[in-house]
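Peer 1: Contents of entry15.json (JSON, C-alpha atoms and all ligand atoms):
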```json
[["chain", "number", "residue", "atom", "x", "y", "z"],
["A", 1, "MET", "CA", 96.66, 89.05, 106.17],
["A", 2, "LEU", "CA", 98.55, 92.11, 104.80],
["A", 3, "GLU", "CA", 99.06, 92.65, 101.11],
["A", 4, "LEU", "CA", 100.67, 95.52, 99.23],
["A", 5, "ASN", "CA", 99.93, 95.41, 95.51],
["A", 6, "ALA", "CA", 102.02, 97.76, 93.34],
["A", 7, "VAL", "CA", 101.88, 100.60, 95.86],
["A", 8, "HIS", "CA", 103.11, 104.06, 94.91],
["A", 9, "ALA", "CA", 103.82, 107.06, 97.13],
["A", 10, "HIS", "CA", 105.20, 110.55, 96.55],
["A", 11, "TYR", "CA", 106.68, 113.33, 98.65],
["A", 12, "GLY", "CA", 105.59, 116.29, 96.58],
["A", 13, "LYS", "CA", 106.94, 115.53, 93.12],
["A", 14, "VAL", "CA", 109.44, 112.97, 94.36],
["A", 15, "HIS", "CA", 108.24, 109.48, 93.46],
["A", 16, "VAL", "CA", 109.51, 107.36, 96.35],
["A", 17, "LEU", "CA", 107.46, 104.15, 96.33],
["A", 18, "GLN", "CA", 107.37, 102.90, 92.76],
["A", 19, "GLY", "CA", 105.04, 99.93, 92.72],
["A", 20, "ALA", "CA", 106.05, 98.04, 95.87],
["A", 21, "SER", "CA", 104.42, 94.66, 96.43],
["A", 22, "LEU", "CA", 104.73, 92.33, 99.40],
["A", 23, "GLU", "CA", 102.68, 90.05, 101.59],
["A", 24, "VAL", "CA", 102.62, 89.01, 105.23],
["A", 25, "LYS", "CA", 100.63, 85.86, 105.91],
["A", 26, "SER", "CA", 98.89, 85.16, 109.18],
["A", 27, "GLY", "CA", 101.40, 84.20, 111.88],
["A", 28, "GLU", "CA", 104.43, 84.89, 109.68],
["A", 29, "ALA", "CA", 107.46, 87.03, 110.47],
["A", 30, "VAL", "CA", 108.72, 88.79, 107.35],
["A", 31, "ALA", "CA", 111.59, 91.26, 106.93],
["A", 32, "LEU", "CA", 111.95, 94.14, 104.48],
["A", 33, "LEU", "CA", 115.60, 94.96, 103.88],
["A", 34, "GLY", "CA", 117.43, 97.42, 101.68],
["A", 35, "ARG", "CA", 120.06, 100.14, 101.71],
["A", 36, "ASN", "CA", 119.50, 103.57, 103.22],
["A", 37, "GLY", "CA", 116.95, 105.73, 101.45],
["A", 38, "VAL", "CA", 115.35, 103.03, 99.26],
["A", 39, "GLY", "CA", 111.88, 103.65, 100.74],
["A", 40, "LYS", "CA", 111.46, 101.13, 103.56],
["A", 41, "THR", "CA", 110.17, 103.62, 106.13],
["A", 42, "THR", "CA", 107.97, 105.21, 103.48],
["A", 43, "ALA", "CA", 106.43, 101.80, 102.74],
["A", 44, "LEU", "CA", 105.56, 101.36, 106.43],
["A", 45, "LYS", "CA", 104.19, 104.89, 106.73],
["A", 46, "THR", "CA", 102.05, 104.27, 103.67],
["A", 47, "ILE", "CA", 100.62, 101.12, 105.28],
["A", 48, "MET", "CA", 99.80, 103.19, 108.38],
["A", 49, "GLY", "CA", 98.19, 105.94, 106.30],
["A", 50, "LEU", "CA", 100.79, 108.51, 107.41],
["A", 51, "VAL", "CA", 101.90, 108.97, 103.80],
["A", 52, "PRO", "CA", 99.09, 108.73, 101.24],
["A", 53, "ALA", "CA", 99.32, 105.98, 98.63],
["A", 54, "THR", "CA", 99.19, 107.51, 95.15],
["A", 55, "GLY", "CA", 98.57, 104.18, 93.45],
["A", 56, "GLY", "CA", 98.10, 100.49, 94.07],
["A", 57, "GLU", "CA", 96.25, 98.86, 96.94],
["A", 58, "ILE", "CA", 96.92, 97.86, 100.53],
["A", 59, "VAL", "CA", 94.67, 95.18, 101.97],
["A", 60, "PHE", "CA", 94.61, 94.07, 105.61],
["A", 61, "ASP", "CA", 92.33, 91.22, 106.68],
["A", 62, "GLY", "CA", 90.22, 91.72, 103.58],
["A", 63, "ARG", "CA", 89.81, 95.48, 104.07],
["A", 64, "GLY", "CA", 91.37, 98.20, 101.93],
["A", 65, "LEU", "CA", 93.55, 100.50, 104.05],
["A", 66, "THR", "CA", 94.24, 103.28, 101.59],
["A", 67, "ASP", "CA", 90.87, 104.93, 102.14],
["A", 68, "MET", "CA", 90.82, 104.45, 105.90],
["A", 69, "PRO", "CA", 91.62, 107.47, 108.09],
["A", 70, "PRO", "CA", 95.07, 107.07, 109.73],
["A", 71, "HIS", "CA", 93.67, 106.92, 113.28],
["A", 72, "ALA", "CA", 91.50, 103.91, 112.37],
["A", 73, "ILE", "CA", 94.41, 101.79, 111.14],
["A", 74, "PRO", "CA", 95.98, 100.92, 114.55],
["A", 75, "ARG", "CA", 92.48, 100.05, 115.80],
["A", 76, "SER", "CA", 92.04, 97.61, 112.93],
["A", 77, "GLY", "CA", 94.81, 95.50, 114.51],
["A", 78, "ILE", "CA", 98.13, 96.86, 113.25],
["A", 79, "GLY", "CA", 100.72, 97.96, 115.80],
["A", 80, "TYR", "CA", 103.45, 100.29, 114.48],
["A", 81, "VAL", "CA", 106.78, 100.94, 116.14],
["A", 82, "PRO", "CA", 108.24, 103.84, 114.13],
["A", 83, "GLN", "CA", 111.92, 104.39, 113.40],
["A", 84, "GLY", "CA", 113.25, 106.54, 116.23],
["A", 85, "ARG", "CA", 110.58, 105.05, 118.53],
["A", 86, "GLY", "CA", 108.15, 107.97, 118.68],
["A", 87, "ILE", "CA", 107.46, 107.91, 122.39],
["A", 88, "PHE", "CA", 106.27, 111.01, 124.25],
["A", 89, "PRO", "CA", 109.23, 112.23, 126.34],
["A", 90, "SER", "CA", 107.32, 114.28, 128.91],
["A", 91, "LEU", "CA", 104.59, 111.71, 129.52],
["A", 92, "SER", "CA", 105.24, 108.95, 132.06],
["A", 93, "VAL", "CA", 105.84, 105.36, 131.01],
["A", 94, "LYS", "CA", 102.29, 104.49, 132.14],
["A", 95, "GLU", "CA", 100.78, 107.38, 130.16],
["A", 96, "ASN", "CA", 102.77, 106.35, 127.09],
["A", 97, "LEU", "CA", 101.41, 102.83, 127.42],
["A", 98, "GLU", "CA", 97.83, 104.07, 127.62],
["A", 99, "ILE", "CA", 97.93, 106.70, 124.91],
["A", 100, "GLY", "CA", 96.58, 104.60, 122.04],
["A", 101, "LEU", "CA", 93.81, 102.95, 124.01],
["A", 102, "THR", "CA", 90.21, 103.90, 123.45],
["A", 103, "LYS", "CA", 89.03, 101.61, 126.24],
["A", 104, "ALA", "CA", 90.84, 99.82, 129.04],
["A", 105, "PRO", "CA", 92.05, 96.38, 127.95],
["A", 106, "PRO", "CA", 91.60, 93.39, 130.29],
["A", 107, "SER", "CA", 94.05, 93.68, 133.19],
["A", 108, "GLN", "CA", 95.88, 90.53, 132.05],
["A", 109, "VAL", "CA", 97.08, 92.50, 129.03],
["A", 110, "PHE", "CA", 99.06, 94.86, 131.26],
["A", 111, "ASP", "CA", 100.23, 91.92, 133.40],
["A", 112, "TYR", "CA", 101.52, 90.22, 130.25],
["A", 113, "VAL", "CA", 103.35, 93.35, 129.11],
["A", 114, "TYR", "CA", 104.86, 93.97, 132.57],
["A", 115, "ASP", "CA", 105.97, 90.33, 132.71],
["A", 116, "ARG", "CA", 107.68, 90.68, 129.37],
["A", 117, "PHE", "CA", 109.20, 94.08, 130.19],
["A", 118, "PRO", "CA", 109.98, 94.21, 133.92],
["A", 119, "ARG", "CA", 112.22, 97.24, 133.32],
["A", 120, "LEU", "CA", 109.13, 99.21, 132.33],
["A", 121, "LYS", "CA", 107.13, 98.02, 135.30],
["A", 122, "GLU", "CA", 109.82, 99.39, 137.60],
["A", 123, "ARG", "CA", 109.63, 102.79, 135.90],
["A", 124, "LEU", "CA", 105.92, 103.44, 135.36],
["A", 125, "ARG", "CA", 105.99, 106.99, 136.74],
["A", 126, "GLN", "CA", 109.27, 107.98, 135.11],
["A", 127, "PRO", "CA", 109.03, 110.38, 132.13],
["A", 128, "GLY", "CA", 109.46, 108.44, 128.87],
["A", 129, "GLY", "CA", 112.25, 110.78, 127.75],
["A", 130, "THR", "CA", 114.46, 109.78, 130.68],
["A", 131, "LEU", "CA", 114.51, 106.09, 129.72],
["A", 132, "SER", "CA", 117.61, 104.69, 128.03],
["A", 133, "GLY", "CA", 117.43, 104.11, 124.26],
["A", 134, "GLY", "CA", 116.83, 100.39, 124.72],
["A", 135, "GLU", "CA", 114.14, 100.99, 127.33],
["A", 136, "GLN", "CA", 112.43, 103.50, 125.03],
["A", 137, "GLN", "CA", 112.39, 100.86, 122.31],
["A", 138, "MET", "CA", 110.80, 98.40, 124.73],
["A", 139, "LEU", "CA", 108.22, 101.04, 125.65],
["A", 140, "ALA", "CA", 107.42, 101.63, 121.98],
["A", 141, "ILE", "CA", 106.85, 97.89, 121.50],
["A", 142, "ALA", "CA", 104.89, 97.54, 124.76],
["A", 143, "ARG", "CA", 102.66, 100.45, 123.78],
["A", 144, "CYS", "CA", 101.61, 98.50, 120.69],
["A", 145, "LEU", "CA", 101.12, 95.24, 122.60],
["A", 146, "VAL", "CA", 98.57, 96.70, 125.02],
["A", 147, "MET", "CA", 96.41, 97.34, 121.94],
["A", 148, "GLN", "CA", 96.54, 93.58, 121.20],
["A", 149, "PRO", "CA", 97.50, 93.83, 117.53],
["A", 150, "SER", "CA", 97.34, 90.91, 115.12],
["A", 151, "LEU", "CA", 100.22, 92.39, 113.08],
["A", 152, "LEU", "CA", 103.19, 94.26, 114.53],
["A", 153, "ILE", "CA", 105.26, 96.46, 112.22],
["A", 154, "LEU", "CA", 108.70, 97.48, 113.47],
["A", 155, "ASP", "CA", 111.04, 99.98, 111.80],
["A", 156, "GLU", "CA", 114.65, 99.28, 112.80],
["A", 157, "PRO", "CA", 113.95, 98.30, 116.40],
["A", 158, "THR", "CA", 117.61, 97.59, 117.16],
["A", 159, "GLU", "CA", 119.02, 100.80, 115.64],
["A", 160, "GLY", "CA", 121.46, 102.53, 117.98],
["A", 161, "ILE", "CA", 120.96, 100.03, 120.78],
["A", 162, "MET", "CA", 123.83, 98.43, 122.67],
["A", 163, "PRO", "CA", 124.43, 94.78, 121.70],
["A", 164, "ILE", "CA", 123.33, 93.35, 125.05],
["A", 165, "LEU", "CA", 119.90, 94.98, 124.73],
["A", 166, "VAL", "CA", 119.64, 93.99, 121.06],
["A", 167, "GLN", "CA", 119.42, 90.39, 122.26],
["A", 168, "ASP", "CA", 116.60, 91.31, 124.67],
["A", 169, "ILE", "CA", 114.64, 93.12, 121.99],
["A", 170, "ARG", "CA", 115.15, 90.28, 119.53],
["A", 171, "ARG", "CA", 113.88, 87.83, 122.15],
["A", 172, "GLU", "CA", 110.78, 89.93, 122.82],
["A", 173, "ILE", "CA", 109.93, 90.21, 119.13],
["A", 174, "LYS", "CA", 110.34, 86.43, 118.81],
["A", 175, "ALA", "CA", 108.02, 85.91, 121.81],
["A", 176, "VAL", "CA", 105.39, 88.20, 120.27],
["A", 177, "ASN", "CA", 105.54, 86.21, 117.03],
["A", 178, "ASP", "CA", 105.43, 82.88, 118.92],
["A", 179, "ALA", "CA", 102.23, 84.13, 120.60],
["A", 180, "GLY", "CA", 100.67, 84.28, 117.13],
["A", 181, "VAL", "CA", 101.16, 87.94, 116.16],
["A", 182, "SER", "CA", 102.42, 88.43, 112.60],
["A", 183, "ILE", "CA", 105.54, 90.58, 112.19],
["A", 184, "LEU", "CA", 106.76, 92.92, 109.46],
["A", 185, "LEU", "CA", 110.29, 93.99, 110.34],
["A", 186, "VAL", "CA", 112.49, 96.60, 108.67],
["A", 187, "GLU", "CA", 116.11, 96.04, 109.73],
["A", 188, "GLN", "CA", 119.64, 97.11, 108.90],
["A", 189, "ASN", "CA", 120.89, 94.36, 111.17],
["A", 190, "ILE", "CA", 120.70, 91.46, 108.77],
["A", 191, "LYS", "CA", 121.51, 88.95, 111.49],
["A", 192, "THR", "CA", 118.43, 90.05, 113.45],
["A", 193, "ALA", "CA", 116.28, 89.79, 110.33],
["A", 194, "LEU", "CA", 117.57, 86.33, 109.42],
["A", 195, "ARG", "CA", 117.10, 85.04, 112.97],
["A", 196, "LEU", "CA", 113.57, 86.33, 113.44],
["A", 197, "CYS", "CA", 112.01, 86.05, 110.01],
["A", 198, "SER", "CA", 111.23, 83.15, 107.73],
["A", 199, "ARG", "CA", 110.89, 85.25, 104.57],
["A", 200, "ILE", "CA", 112.83, 88.29, 103.40],
["A", 201, "TYR", "CA", 112.03, 90.99, 100.85],
["A", 202, "ILE", "CA", 114.71, 93.28, 99.50],
["A", 203, "MET", "CA", 113.82, 96.75, 98.31],
["A", 204, "GLU", "CA", 115.68, 98.96, 95.89],
["A", 205, "LYS", "CA", 114.58, 102.37, 94.55],
["A", 206, "GLY", "CA", 111.04, 102.06, 95.89],
["A", 207, "THR", "CA", 110.24, 98.59, 94.64],
["A", 208, "VAL", "CA", 110.71, 95.07, 95.95],
["A", 209, "VAL", "CA", 113.39, 93.46, 93.79],
["A", 210, "HIS", "CA", 114.02, 90.18, 95.57],
["A", 211, "GLU", "CA", 112.14, 87.71, 97.74],
["A", 212, "ALA", "CA", 113.69, 84.69, 99.44],
["A", 213, "ALA", "CA", 113.34, 82.28, 102.31],
["A", 214, "ALA", "CA", 115.64, 83.41, 105.12],
["A", 215, "GLU", "CA", 117.54, 80.15, 105.06],
["A", 216, "ASP", "CA", 118.25, 80.50, 101.34],
["A", 217, "LEU", "CA", 119.26, 84.17, 101.59],
["A", 218, "LYS", "CA", 121.71, 83.30, 104.35],
["A", 219, "GLU", "CA", 123.68, 81.25, 101.81],
["A", 220, "ASP", "CA", 123.16, 83.60, 98.86],
["A", 221, "LYS", "CA", 126.28, 85.69, 99.18],
["A", 222, "GLU", "CA", 125.88, 87.30, 95.76],
["A", 223, "THR", "CA", 122.41, 88.70, 96.51],
["A", 224, "LEU", "CA", 123.47, 89.88, 99.94],
["A", 225, "HIS", "CA", 126.41, 91.67, 98.43],
["A", 226, "ARG", "CA", 124.55, 93.10, 95.44],
["A", 227, "TYR", "CA", 121.55, 94.58, 97.25],
["A", 228, "LEU", "CA", 122.73, 95.04, 100.78],
["A", 229, "GLY", "CA", 126.47, 95.48, 100.34],
["A", 230, "VAL", "CA", 127.23, 93.03, 103.09],
["A", 231, "ALA", "CA", 129.60, 90.14, 103.25],
["A", 232, "VAL", "CA", 128.42, 87.42, 105.63],
["B", 1, "LIG", "N1", 109.06, 113.81, 104.45],
["B", 1, "LIG", "C1", 109.83, 113.67, 103.37],
["B", 1, "LIG", "N2", 109.88, 114.60, 102.40],
["B", 1, "LIG", "C2", 110.63, 114.45, 101.29],
["B", 1, "LIG", "N3", 111.39, 113.36, 101.05],
["B", 1, "LIG", "C3", 111.39, 112.38, 101.97],
["B", 1, "LIG", "C4", 110.61, 112.48, 103.18],
["B", 1, "LIG", "N4", 110.82, 111.36, 103.89],
["B", 1, "LIG", "C5", 111.68, 110.59, 103.17],
["B", 1, "LIG", "N5", 112.02, 111.21, 102.01],
["B", 1, "LIG", "C6", 112.92, 110.67, 100.98],
["B", 1, "LIG", "O1", 112.37, 109.45, 100.49],
["B", 1, "LIG", "C7", 113.41, 108.50, 100.26],
["B", 1, "LIG", "C8", 113.09, 107.22, 101.02],
["B", 1, "LIG", "O2", 113.16, 107.49, 102.42],
["B", 1, "LIG", "P1", 112.84, 106.39, 103.52],
["B", 1, "LIG", "O3", 112.90, 107.07, 104.84],
["B", 1, "LIG", "O4", 111.61, 105.68, 103.16],
["B", 1, "LIG", "O5", 114.09, 105.39, 103.32],
["B", 1, "LIG", "P2", 114.56, 104.14, 104.18],
["B", 1, "LIG", "O6", 114.70, 103.01, 103.22],
["B", 1, "LIG", "O7", 113.69, 103.96, 105.35],
["B", 1, "LIG", "O8", 116.04, 104.57, 104.65],
["B", 1, "LIG", "P3", 116.84, 104.30, 106.03],
["B", 1, "LIG", "O9", 117.38, 102.90, 105.91],
["B", 1, "LIG", "O10", 117.94, 105.30, 105.99],
["B", 1, "LIG", "O11", 115.91, 104.49, 107.18],
["B", 1, "LIG", "C9", 114.70, 109.16, 100.66],
["B", 1, "LIG", "O12", 115.32, 109.64, 99.49],
["B", 1, "LIG", "C10", 114.27, 110.30, 101.55],
["B", 1, "LIG", "O13", 115.15, 111.39, 101.46],
["B", 2, "MG", "MG", 113.99, 104.11, 107.38]]
```
Let me see the structure of the file written as structure tokens.

Peer 2:
Amino acid sequence: MLELNAVHAHYGKVHVLQGASLEVKSGEAVALLGRNGVGKTTALKTIMGLVPATGGEIVFDGRGLTDMPPHAIPRSGIGYVPQGRGIFPSLSVKENLEIGLTKAPPSQVFDYVYDRFPRLKERLRQPGGTLSGGEQQMLAIARCLVMQPSLLILDEPTEGIMPILVQDIRREIKAVNDAGVSILLVEQNIKTALRLCSRIYIMEKGTVVHEAAAEDLKEDKETLHRYLGVAV
């Protein structure tokens, strides 16, 4: 469904993505892991057209994304929850939910989202910026869901969130995937990645250097230590 083939990206002269390749198949949940600064966020921004690809190709559902204008990419079925959430602080929760819509979705779509996120339903008129960090993360996810994506891309959705809400967010991402939406997840929290995803890519210096099934990576202490610096 999504394929990156040897994708390159630059910030000015700095060559950040250096031929990154990965694939998300229909219905799959896949994680992209790697240390700070290796290019994970840049890879996601390049998929979304927010950073131009300077080489390689990105294909989604048979269509090339690199020539598509950035505003068309979410409408093609990709939801993007950026690192730091990217909600509009002075707009209400309801306005934040509606901001990406070009036409009103069926009312069941909002019912579904309010069922999944009752905390948001209770706060529809509250300015987005006054929500707690965890609630803002839920709003950022909910804002994508009302657009009914077929692929949801999340950049560190549990970053800076208290452990009790991490469980909630993990559960919601799992529910979205169980409903048939494919997931591409960037995470520092390796436990979250291993629980939610069946396949894992590891990135180093702008390229994907390792691919494994989650259940194999769990046992592969050497790889975890070498690329991620973690002991599990
Ligand atoms: N707008 C920018 N201009 C110049 N350099 C940038 C810009 N954004 C990111 N970079 C650089 O590109 C490299 C990759 O950054 P990126 O944000 O993709 O890393 P990351 O893997 O997401 O890291 P983290 O885990 O800390 O979020 C870093 O060296 C960063 O300093
Ligand atoms: Mg990042």

Peer 1: Grab me every residue within 9 Å of ligand MG 2 (chain B), counting only C-alpha atoms and all ligand atoms, and send it over as an NGL selection string.

Peer 2: :A and (36-42 or 44 or 82-83 or 155-156 or 186-187)

Peer 1: Name the residues in contact with segment 217-224 of chain A at a cut-off of 10 Å, using all atoms listed in the file, excluding same-chain residues fewer than 2 positions from it; report them as a compact mmCIF listing (two decimals) with C-alpha atoms, keeping the file's coordinate frame.

Peer 2:
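That gives us result-v3.txt:
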```txt
# COMPACT_ATOMS: atom_id res chain seq x y z
CA GLY A 34 117.43 97.42 101.68
CA ILE A 190 120.70 91.46 108.77
CA LYS A 191 121.51 88.95 111.49
CA LEU A 194 117.57 86.33 109.42
CA ARG A 195 117.10 85.04 112.97
CA ARG A 199 110.89 85.25 104.57
CA ILE A 200 112.83 88.29 103.40
CA TYR A 201 112.03 90.99 100.85
CA ILE A 202 114.71 93.28 99.50
CA HIS A 210 114.02 90.18 95.57
CA GLU A 211 112.14 87.71 97.74
CA ALA A 212 113.69 84.69 99.44
CA ALA A 213 113.34 82.28 102.31
CA ALA A 214 115.64 83.41 105.12
CA GLU A 215 117.54 80.15 105.06
CA ARG A 226 124.55 93.10 95.44
CA TYR A 227 121.55 94.58 97.25
CA LEU A 228 122.73 95.04 100.78
CA GLY A 229 126.47 95.48 100.34
CA VAL A 230 127.23 93.03 103.09
CA ALA A 231 129.60 90.14 103.25
CA VAL A 232 128.42 87.42 105.63
```

Peer 1: Can you sort out the box for segment 177-194 of chain A, edges along x, y and z, all listed atoms in, 5 Å on every side, with centre and edge lengths in Å to one decimal, as AutoDock Vina command-line options?

Peer 2:
```
--center_x 111.1 --center_y 90.0 --center_z 114.6 --size_x 30.8 --size_y 24.2 --size_z 21.9
```

Peer 1: Identify which of the residues A:Ser132, A:Gly27, A:Val146, A:Pro89 lies closest to Val113 of chain A, counting all atoms listed in the file when measuring atom-to-atom distances.

Peer 2: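 Closest to Val113 of chain A, using all atoms listed in the file: A:Val146.
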
Peer 1: Using all atoms listed in the file, determine which residues lie at most 12 Å from segment 100-106 of chain A, disregarding the query and same-chain residues fewer than 5 positions distant; provide the list as a PDB file with C-alpha atoms, in the coordinates of the input.

Peer 2:
```
ATOM      1  CA  HIS A  71      93.670 106.920 113.280  1.00  0.00           C
ATOM      2  CA  ALA A  72      91.500 103.910 112.370  1.00  0.00           C
ATOM      3  CA  ILE A  73      94.410 101.790 111.140  1.00  0.00           C
ATOM      4  CA  PRO A  74      95.980 100.920 114.550  1.00  0.00           C
ATOM      5  CA  ARG A  75      92.480 100.050 115.800  1.00  0.00           C
ATOM      6  CA  GLY A  77      94.810  95.500 114.510  1.00  0.00           C
ATOM      7  CA  ILE A  78      98.130  96.860 113.250  1.00  0.00           C
ATOM      8  CA  GLY A  79     100.720  97.960 115.800  1.00  0.00           C
ATOM      9  CA  TYR A  80     103.450 100.290 114.480  1.00  0.00           C
ATOM     10  CA  ILE A  87     107.460 107.910 122.390  1.00  0.00           C
ATOM     11  CA  PHE A  88     106.270 111.010 124.250  1.00  0.00           C
ATOM     12  CA  LYS A  94     102.290 104.490 132.140  1.00  0.00           C
ATOM     13  CA  GLU A  95     100.780 107.380 130.160  1.00  0.00           C
ATOM     14  CA  ASP A 111     100.230  91.920 133.400  1.00  0.00           C
ATOM     15  CA  TYR A 112     101.520  90.220 130.250  1.00  0.00           C
ATOM     16  CA  VAL A 113     103.350  93.350 129.110  1.00  0.00           C
ATOM     17  CA  ALA A 140     107.420 101.630 121.980  1.00  0.00           C
ATOM     18  CA  ALA A 142     104.890  97.540 124.760  1.00  0.00           C
ATOM     19  CA  ARG A 143     102.660 100.450 123.780  1.00  0.00           C
ATOM     20  CA  CYS A 144     101.610  98.500 120.690  1.00  0.00           C
ATOM     21  CA  LEU A 145     101.120  95.240 122.600  1.00  0.00           C
ATOM     22  CA  VAL A 146      98.570  96.700 125.020  1.00  0.00           C
ATOM     23  CA  MET A 147      96.410  97.340 121.940  1.00  0.00           C
ATOM     24  CA  GLN A 148      96.540  93.580 121.200  1.00  0.00           C
ATOM     25  CA  PRO A 149      97.500  93.830 117.530  1.00  0.00           C
TER      26      PRO A 149
END
```

Peer 1: Interatomic distance between atom CA of Thr130 of chain A and atom CA of Arg116 of chain A?

Peer 2: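 Distance between the two atoms: 20.3 Å.
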
Peer 1: Using atom CA of Ser26 of chain A and atom CA of Thr192 of chain A as the two end points, give the distance in Å to one decimal.

Peer 2: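 Distance between the two atoms: 20.6 Å.
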
Peer 1: Rank A:Met1, A:Ala175, A:Leu151, A:Val208 by their smallest atom-to-atom distance to ligand LIG 1 (chain B), using only C-alpha atoms and all ligand atoms, and report the top residue only.

Peer 2: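 Among the listed residues, A:Val208 lies closest to ligand LIG 1 (chain B).
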
Peer 1: Identify which of the residues A:Gly180, A:Pro118, A:Pro157, A:Gly64 lies closest to ligand LIG 1 (chain B), counting all atoms listed in the file when measuring atom-to-atom distances.

Peer 2: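 Counting all atoms listed in the file, the residue closest to ligand LIG 1 (chain B) is A:Pro157.
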
Peer 1: List as a PDB file with C-alpha atoms, in the frame of the given file the protein and nucleic acid residues near Thr207 of chain A, meaning an atom at most 7 Å away when all atoms listed in the file are counted, but skip any in the same chain fewer than 4 places from it.

Peer 2:
```pdb
ATOM      1  CA  LEU A  17     107.460 104.150  96.330  1.00  0.00           C
ATOM      2  CA  GLN A  18     107.370 102.900  92.760  1.00  0.00           C
ATOM      3  CA  GLY A  19     105.040  99.930  92.720  1.00  0.00           C
ATOM      4  CA  ALA A  20     106.050  98.040  95.870  1.00  0.00           C
ATOM      5  CA  MET A 203     113.820  96.750  98.310  1.00  0.00           C
TER       6      MET A 203
END
```

Peer 1: Do a neighbour search on Gly12 of chain A at 12 Å with all atoms listed in the file, toss out local chain neighbours closer than 5 positions, and write the hits as a PyMOL selection string.

Peer 2: chain A and resi 51-52+54

Peer 1: Under the rule that all atoms listed in the file are counted, which of A:Lys205, A:Lys174, A:Arg63, A:His225 is the nearest residue to ligand LIG 1 (chain B)?

Peer 2: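 Of A:Lys205, A:Lys174, A:Arg63, A:His225, the one nearest ligand LIG 1 (chain B), counting all atoms listed in the file, is A:Lys205.
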
Peer 1: Calculate how many Å separate atom CA of Met162 of chain A from atom CA of Gly134 of chain A, rounding to one decimal.

Peer 2: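 Going from atom CA of Met162 of chain A over to atom CA of Gly134 of chain A, I get 7.6 Å.
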
Peer 1: Using only C-alpha atoms, can you tell me which of A:Val209, A:Leu65, A:Val16, A:Val30 comes closest to Leu4 of chain A?

Peer 2: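 Looking only at the distances to Leu4 of chain A, the closest residue turns out to be A:Leu65.
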
Peer 1: Between A:Gln188, A:Gln108, A:Ser90, A:Asn96, which has the minimum distance to ligand LIG 1 (chain B) (counting only C-alpha atoms and all ligand atoms)?

Peer 2: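 Using only C-alpha atoms and all ligand atoms, the shortest distance to ligand LIG 1 (chain B) belongs to A:Gln188.
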